[in-house]
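First up is the structure itself, then whatever we jot down about it.
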Amino acid sequence: MLVLFEVAAGYAVFKLSNEKKLKNVDNIWEEFNTAEKAQENLQLVSFKKFKTTAGAVEAASEITEGKLSKTLKKLLKSSVDETEKLAVGDAKLGNLIKEKLSLNCVHDSSINELMRGVRAHIEDLLAEHKEEMNAMNLAVAHSLARYKVKFNPEKIDTMIVQAVSLLDDLDKELNNYVMRTREWYGWHFPELGKTIQDHQAYAKIVKAIGMRQNCIKTDLSSILPEELEEKVKEDAEISMGTDISDIDLIHIKGLCEQVIELSAYRAQLFDYLKNRMTALAPNLTVLLGELVGARLISHAGSLVSLAKAPASTIQILGAEKALFRALKTKKDTPKYGLIYHAQLITQAPPKIKGKMARKLAAKCSLATRIDALSDETANNEIGIECRAALENVLRTESERGPSKKQNFGSHRHDKYEFKSETYEYDAAADTPASRKHKRFEDNEESTNAIKKMKIEEVGEDEEPEKKKKKKEKKAKKEVESDEE
């Protein structure tokens with residue numbers, strides 16, 4: 001039996017002296033626990049080394065992709081006969097060799113123990129090529145790591161994540177800069193801020209005219225239409241703003257330049273993000289748009305992570321705080337998260353937004369899995385079909401209106417039945433009941449009886465006191481008589 005073993009320096013083929021030692025799996029390690037035993041049981045037949053580290057990386061990548069490298073093919077054809085068995089450390093590699101070269105490959109638990117022994121004493125088994133192997137170990141490890149990072153499909157998502165995060169940061173900075181520009185220049189020309197609502201046009205006008213006194217002489221036709229230009233010039237003549245110095249104007253113009261440059265860079269960044277999203281996730285882009293799709297990928301971490309998430313998770317992605325707060329307080333959970341900003345949901349009437357969010361999340365889950373797991377030649381046909389179906393649902397739901405709520409309560413009232421029985425009105429029930437007035441004589445008798453009871457109670461209490469006094473007097477007299 002021959003043994004195929006791969007190292008950083010190349011491929012090695014060993015010959016096993018006795019195959020019977022592989023029958024008992026538990027005792028295999030005892031046969032290879034020392035370098036001397038390993039050299040007795042294994043003999044090096046041939047060794048094919050890689051010319052460069054690039055060749056080693058290419059051979060390793062081809063094996064992971066399910067292909068045989070030319071170096072390995074030449075080695076197996078020259079060293080292995082069709083009648084001999086070939087022990088391999090990987091079952092997939094054995095099946096690949098069997099298909100391509102029709103060799104009898106073996107891989108089981110005993111082969112795993114054999115490979116363990118070879119790996120432990122590979123430096124002693126390859127004594128002649130020991131220096132080459134040590135030199136190639138570190139170089140191939142670094143080259144293979146760079147290759148995997150370079151061609152990792154998940155690393156492409158980082159470009160979208162970084163771009164959409166930078167786009168959000170630019171929006172915040174632009175808002176701060178524009179607000180500061182309007183407040184600063186508003187002291188000099190306050191009427192301009194009410195007339196011009198576009199931030200970029202406002203910065204360009206401030207940079208062009210400088211002081212408001214120069215507005216009449218300045219040509220603003222390249223920035224504004226004729227009507228707005230005339231209105232701005234009229235406002236400049238009757239403006240109520242205060243005067244500013246030249247130093248103030250220099251700083252205001254510098255701030256306007258920053259606003260113009262950031263706006264231009266933001267437009268370039270948005271175009272870059274649009275192209276990236278169209279190339280990476282075309283179906284998701286058709287359904288949600290570039291910004292919403294990029295924010296979903298950024299929130300999930302990568303396109304593959306988003307593809308693993310179910311539709312219910314995609315629906316509320318971005319509303320985690322509201323979800324856990326609702327679960328804690330036992331209230332209604334949110335219906336949508338970042339997906340709320342999609343065009344299909346913003347166009348929907350308020351009463352069917354939740355339904356459209358649920359349907360859109362289901363289609364997005366399907367589109368994301370197609371974008372992440374299908375071939376590179378995939379296009380956006382499925383995304384277009386899903387969007388057309390959702391637009392049709394939105395149209396029909398808007399025309400029909402929301403469905404009425406049906407009460408499926410457990411309590412059901414019996415059907416009303418008309419009864420023909422009649423009752424006569426009892427007029428006697430209208431007369432009030434007569435009261436029995438107490439007589440004055442009865443009251444006097446009751447009060448006298450109460451007084452007698454009180455007197456008797458007092459008399460009973462006084463009797464024992466009189467007896468006590470009499471006894472005390474008798475006791476005093478007896479004491480006085482005894483003293484005499």
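Ordered as shown in the structure tokens, chains take letters A, B, and onward, while each chain numbers its residues from 1 and ligands are numbered from 1 in the order shown.
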* Which neighbours of Ile297 of chain A fall inside 7 Å, counting only C-alpha atoms, when residues of the same chain fewer than 5 positions from it are skipped, and could you give them as a PyMOL selection string? -> chain A and resi 161+302-303+306
* To do: Considering only C-alpha atoms, return as a PyMOL selection string whatever protein or nucleic-acid residues lie within 12 Å of Leu68 of chain A, sequence-local ones (same chain, fewer than 3 positions apart) excluded.
  => chain A and resi 58-65+71-76+92-101
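Near Ile250 of chain A, within 12 Å and counting only C-alpha atoms, sit Trp184, Tyr185, Val206, Lys207, Gly210, Met211, Ile244, Cys256 and Glu257 of chain A, not including residues fewer than 6 positions from it in the same chain.
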* Per DSSP on the backbone, filter segment 49-146 of chain A down to the residues in strand (DSSP E or B) and report them as a list of chain:residue names. => A:Lys49, A:Lys85, A:Leu86, A:Ala87, A:Asn104, A:Cys105, A:Val106
Using only N, CA, C and O atoms, please write the residues we just selected to a file, as a PDB file, in the first residue's frame.
ATOM      1  N   LYS A  49       8.442  18.357  -5.235  1.00  0.00           N
ATOM      2  CA  LYS A  49       8.382  19.630  -4.518  1.00  0.00           C
ATOM      3  C   LYS A  49       7.835  20.725  -5.429  1.00  0.00           C
ATOM      4  O   LYS A  49       7.926  20.653  -6.670  1.00  0.00           O
ATOM      5  N   LYS A  85      -2.989  -0.020  -3.939  1.00  0.00           N
ATOM      6  CA  LYS A  85      -3.885   0.829  -3.170  1.00  0.00           C
ATOM      7  C   LYS A  85      -3.160   2.103  -2.768  1.00  0.00           C
ATOM      8  O   LYS A  85      -1.970   2.084  -2.477  1.00  0.00           O
ATOM      9  N   LEU A  86      -3.936   3.192  -2.715  1.00  0.00           N
ATOM     10  CA  LEU A  86      -3.375   4.492  -2.341  1.00  0.00           C
ATOM     11  C   LEU A  86      -4.159   5.022  -1.145  1.00  0.00           C
ATOM     12  O   LEU A  86      -5.370   5.235  -1.223  1.00  0.00           O
ATOM     13  N   ALA A  87      -3.457   5.216  -0.021  1.00  0.00           N
ATOM     14  CA  ALA A  87      -4.086   5.768   1.183  1.00  0.00           C
ATOM     15  C   ALA A  87      -4.022   7.291   1.136  1.00  0.00           C
ATOM     16  O   ALA A  87      -2.944   7.864   0.932  1.00  0.00           O
ATOM     17  N   ASN A 104      -7.219   3.080  -7.072  1.00  0.00           N
ATOM     18  CA  ASN A 104      -7.949   2.544  -5.924  1.00  0.00           C
ATOM     19  C   ASN A 104      -7.501   3.302  -4.666  1.00  0.00           C
ATOM     20  O   ASN A 104      -6.416   3.059  -4.137  1.00  0.00           O
ATOM     21  N   CYS A 105      -8.332   4.224  -4.202  1.00  0.00           N
ATOM     22  CA  CYS A 105      -7.995   5.051  -3.036  1.00  0.00           C
ATOM     23  C   CYS A 105      -8.711   4.520  -1.795  1.00  0.00           C
ATOM     24  O   CYS A 105      -9.861   4.057  -1.879  1.00  0.00           O
ATOM     25  N   VAL A 106      -8.028   4.593  -0.663  1.00  0.00           N
ATOM     26  CA  VAL A 106      -8.560   4.067   0.596  1.00  0.00           C
ATOM     27  C   VAL A 106      -8.551   5.198   1.628  1.00  0.00           C
ATOM     28  O   VAL A 106      -7.558   5.936   1.754  1.00  0.00           O
TER      29      VAL A 106
END
* Structure fact -> Restricting to only C-alpha atoms, whichever of A:Asp90, A:Thr313, A:Met159, A:Ala322 is closest to Ala300 of chain A is A:Thr313
Those in segment 207-251 of chain A with alpha helix (DSSP H) from DSSP, as a short mmCIF file (atom, residue, chain, number, x, y, z; two decimals) with all heavy atoms, in the first residue's frame:
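Here's the written file selection_7.cif:
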data_model
loop_
_atom_site.label_atom_id
_atom_site.label_comp_id
_atom_site.auth_asym_id
_atom_site.auth_seq_id
_atom_site.Cartn_x
_atom_site.Cartn_y
_atom_site.Cartn_z
N LYS A 207 -21.01 82.24 -1.92
CA LYS A 207 -19.64 82.30 -2.40
C LYS A 207 -19.51 83.27 -3.58
O LYS A 207 -18.47 83.94 -3.74
CB LYS A 207 -19.18 80.91 -2.81
CG LYS A 207 -17.72 80.84 -3.24
CD LYS A 207 -17.34 79.43 -3.68
CE LYS A 207 -15.91 79.39 -4.19
NZ LYS A 207 -15.54 78.03 -4.67
N ALA A 208 -20.55 83.36 -4.41
CA ALA A 208 -20.48 84.20 -5.61
C ALA A 208 -20.65 85.67 -5.29
O ALA A 208 -19.91 86.53 -5.79
CB ALA A 208 -21.54 83.75 -6.62
N ILE A 209 -21.63 86.02 -4.42
CA ILE A 209 -21.94 87.45 -4.22
C ILE A 209 -21.11 88.06 -3.10
O ILE A 209 -20.78 89.26 -3.14
CB ILE A 209 -23.45 87.65 -3.94
CG1 ILE A 209 -23.87 86.98 -2.62
CG2 ILE A 209 -24.28 87.16 -5.09
CD1 ILE A 209 -25.31 87.24 -2.25
N GLU A 226 -34.35 82.72 -13.73
CA GLU A 226 -34.46 84.18 -13.82
C GLU A 226 -35.38 84.76 -12.74
O GLU A 226 -35.08 85.79 -12.16
CB GLU A 226 -35.00 84.57 -15.21
CG GLU A 226 -34.02 84.25 -16.34
CD GLU A 226 -34.57 84.67 -17.68
OE1 GLU A 226 -35.70 85.24 -17.68
OE2 GLU A 226 -33.90 84.45 -18.70
N GLU A 227 -36.48 84.08 -12.45
CA GLU A 227 -37.43 84.60 -11.47
C GLU A 227 -36.79 84.68 -10.08
O GLU A 227 -36.89 85.70 -9.38
CB GLU A 227 -38.68 83.72 -11.42
CG GLU A 227 -39.43 83.70 -12.74
CD GLU A 227 -40.62 82.75 -12.69
OE1 GLU A 227 -40.80 82.08 -11.64
OE2 GLU A 227 -41.36 82.69 -13.68
N LEU A 228 -36.14 83.59 -9.68
CA LEU A 228 -35.49 83.59 -8.36
C LEU A 228 -34.34 84.59 -8.30
O LEU A 228 -34.10 85.22 -7.28
CB LEU A 228 -34.98 82.19 -8.03
CG LEU A 228 -35.98 81.23 -7.38
CD1 LEU A 228 -35.33 79.87 -7.18
CD2 LEU A 228 -36.48 81.76 -6.05
N GLU A 229 -33.63 84.73 -9.42
CA GLU A 229 -32.51 85.67 -9.44
C GLU A 229 -33.00 87.10 -9.22
O GLU A 229 -32.41 87.87 -8.45
CB GLU A 229 -31.78 85.56 -10.78
CG GLU A 229 -30.53 86.41 -10.86
CD GLU A 229 -29.83 86.27 -12.21
OE1 GLU A 229 -30.33 85.49 -13.06
OE2 GLU A 229 -28.79 86.94 -12.40
N GLU A 230 -34.09 87.46 -9.87
CA GLU A 230 -34.64 88.80 -9.69
C GLU A 230 -35.13 89.02 -8.25
O GLU A 230 -34.94 90.08 -7.67
CB GLU A 230 -35.78 89.03 -10.68
CG GLU A 230 -35.32 89.08 -12.13
CD GLU A 230 -36.49 89.22 -13.08
OE1 GLU A 230 -37.65 89.26 -12.57
OE2 GLU A 230 -36.26 89.28 -14.30
N LYS A 231 -35.75 87.99 -7.68
CA LYS A 231 -36.26 88.12 -6.32
C LYS A 231 -35.11 88.28 -5.32
O LYS A 231 -35.21 89.08 -4.37
CB LYS A 231 -37.10 86.90 -5.97
CG LYS A 231 -37.83 87.04 -4.66
CD LYS A 231 -38.73 85.84 -4.40
CE LYS A 231 -39.47 86.02 -3.07
NZ LYS A 231 -40.34 84.86 -2.76
N VAL A 232 -34.03 87.52 -5.52
CA VAL A 232 -32.88 87.63 -4.62
C VAL A 232 -32.28 89.03 -4.70
O VAL A 232 -31.90 89.63 -3.67
CB VAL A 232 -31.83 86.56 -4.98
CG1 VAL A 232 -30.51 86.83 -4.27
CG2 VAL A 232 -32.33 85.17 -4.59
N LYS A 233 -32.18 89.59 -5.90
CA LYS A 233 -31.61 90.93 -6.05
C LYS A 233 -32.52 91.99 -5.43
O LYS A 233 -32.03 92.97 -4.85
CB LYS A 233 -31.37 91.23 -7.53
CG LYS A 233 -30.24 90.39 -8.12
CD LYS A 233 -29.99 90.71 -9.57
CE LYS A 233 -28.82 89.87 -10.11
NZ LYS A 233 -28.54 90.15 -11.53
N GLU A 234 -33.84 91.81 -5.54
CA GLU A 234 -34.76 92.76 -4.90
C GLU A 234 -34.65 92.69 -3.38
O GLU A 234 -34.67 93.72 -2.70
CB GLU A 234 -36.20 92.44 -5.33
CG GLU A 234 -36.48 92.78 -6.78
CD GLU A 234 -37.87 92.35 -7.20
OE1 GLU A 234 -38.60 91.80 -6.32
OE2 GLU A 234 -38.25 92.54 -8.36
N ASP A 235 -34.53 91.45 -2.85
CA ASP A 235 -34.39 91.30 -1.40
C ASP A 235 -33.07 91.91 -0.90
O ASP A 235 -33.00 92.42 0.23
CB ASP A 235 -34.44 89.82 -1.01
CG ASP A 235 -35.81 89.22 -1.24
OD1 ASP A 235 -36.80 89.98 -1.33
OD2 ASP A 235 -35.90 87.97 -1.35
N ALA A 236 -32.03 91.83 -1.72
CA ALA A 236 -30.73 92.37 -1.32
C ALA A 236 -30.79 93.89 -1.17
O ALA A 236 -30.09 94.48 -0.32
CB ALA A 236 -29.66 91.98 -2.32
N GLU A 237 -31.63 94.57 -1.97
CA GLU A 237 -31.72 96.03 -1.89
C GLU A 237 -32.44 96.49 -0.63
O GLU A 237 -32.11 97.53 -0.06
CB GLU A 237 -32.45 96.56 -3.13
CG GLU A 237 -31.65 96.36 -4.42
CD GLU A 237 -32.43 96.85 -5.64
OE1 GLU A 237 -33.59 97.29 -5.45
OE2 GLU A 237 -31.88 96.81 -6.75
N ASP A 246 -14.70 92.06 6.40
CA ASP A 246 -14.10 91.22 5.36
C ASP A 246 -13.56 89.91 5.92
O ASP A 246 -13.61 88.88 5.25
CB ASP A 246 -12.96 92.01 4.68
CG ASP A 246 -13.48 93.22 3.93
OD1 ASP A 246 -14.67 93.18 3.54
OD2 ASP A 246 -12.72 94.18 3.74
N ILE A 247 -13.07 89.93 7.13
CA ILE A 247 -12.55 88.71 7.75
C ILE A 247 -13.68 87.70 7.97
O ILE A 247 -13.52 86.50 7.73
CB ILE A 247 -11.84 89.03 9.07
CG1 ILE A 247 -10.65 89.97 8.81
CG2 ILE A 247 -11.37 87.76 9.77
CD1 ILE A 247 -9.97 90.45 10.07
N ASP A 248 -14.84 88.21 8.41
CA ASP A 248 -16.00 87.33 8.58
C ASP A 248 -16.40 86.70 7.25
O ASP A 248 -16.73 85.50 7.17
CB ASP A 248 -17.18 88.11 9.15
CG ASP A 248 -16.88 88.65 10.55
OD1 ASP A 248 -16.05 88.02 11.23
OD2 ASP A 248 -17.48 89.67 10.94
N LEU A 249 -16.36 87.51 6.19
CA LEU A 249 -16.76 87.00 4.88
C LEU A 249 -15.78 85.95 4.37
O LEU A 249 -16.20 84.99 3.71
CB LEU A 249 -16.83 88.18 3.90
CG LEU A 249 -17.39 87.84 2.51
CD1 LEU A 249 -18.82 87.34 2.62
CD2 LEU A 249 -17.33 89.07 1.61
N ILE A 250 -14.52 86.10 4.68
CA ILE A 250 -13.53 85.09 4.25
C ILE A 250 -13.84 83.73 4.88
O ILE A 250 -13.82 82.70 4.20
CB ILE A 250 -12.11 85.57 4.62
CG1 ILE A 250 -11.70 86.75 3.74
CG2 ILE A 250 -11.10 84.43 4.46
CD1 ILE A 250 -10.41 87.43 4.19
N HIS A 251 -14.14 83.73 6.16
CA HIS A 251 -14.45 82.46 6.83
C HIS A 251 -15.76 81.87 6.34
O HIS A 251 -15.90 80.65 6.21
CB HIS A 251 -14.50 82.68 8.34
CG HIS A 251 -13.15 82.93 8.96
ND1 HIS A 251 -12.18 81.96 9.07
CD2 HIS A 251 -12.59 84.07 9.47
CE1 HIS A 251 -11.10 82.45 9.63
NE2 HIS A 251 -11.32 83.74 9.88
#
* Counting only C-alpha atoms, the option among A:Glu82, A:Glu123, A:Asp198, A:Glu424 closest to Ala35 of chain A -> A:Glu123
* Structure fact -> Expressed in Å, the length from atom CA of Gln43 of chain A to atom CA of Met115 of chain A is 14.1 Å
* To do: Write out as a VMD selection string which residues come within 8 Å of Ser110 of chain A when counting only C-alpha atoms, dropping same-chain ones fewer than 6 positions away.
  => chain A and resid 22 to 25 28
How would the residues just picked look written out with N, CA and C atoms as a compact mmCIF listing (two decimals), in the first residue's frame?
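Just written: out_15.txt:
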# COMPACT_ATOMS: atom_id res chain seq x y z
N LEU A 22 -2.53 -2.34 10.07
CA LEU A 22 -3.67 -1.41 10.04
C LEU A 22 -4.98 -2.07 10.45
N LYS A 23 -4.96 -3.38 10.69
CA LYS A 23 -6.21 -4.06 11.02
C LYS A 23 -6.73 -3.63 12.39
N ASN A 24 -5.85 -3.55 13.36
CA ASN A 24 -6.25 -3.12 14.71
C ASN A 24 -6.00 -1.62 14.84
N VAL A 25 -7.08 -0.86 14.86
CA VAL A 25 -6.96 0.60 14.86
C VAL A 25 -6.33 1.12 16.14
N ILE A 28 -2.36 1.07 16.15
CA ILE A 28 -1.59 1.69 15.06
C ILE A 28 -0.63 2.73 15.61
* To do: State, in Å with one decimal place, the distance from atom CA of Cys386 of chain A to atom CA of Val164 of chain A.
  => 24.9 Å
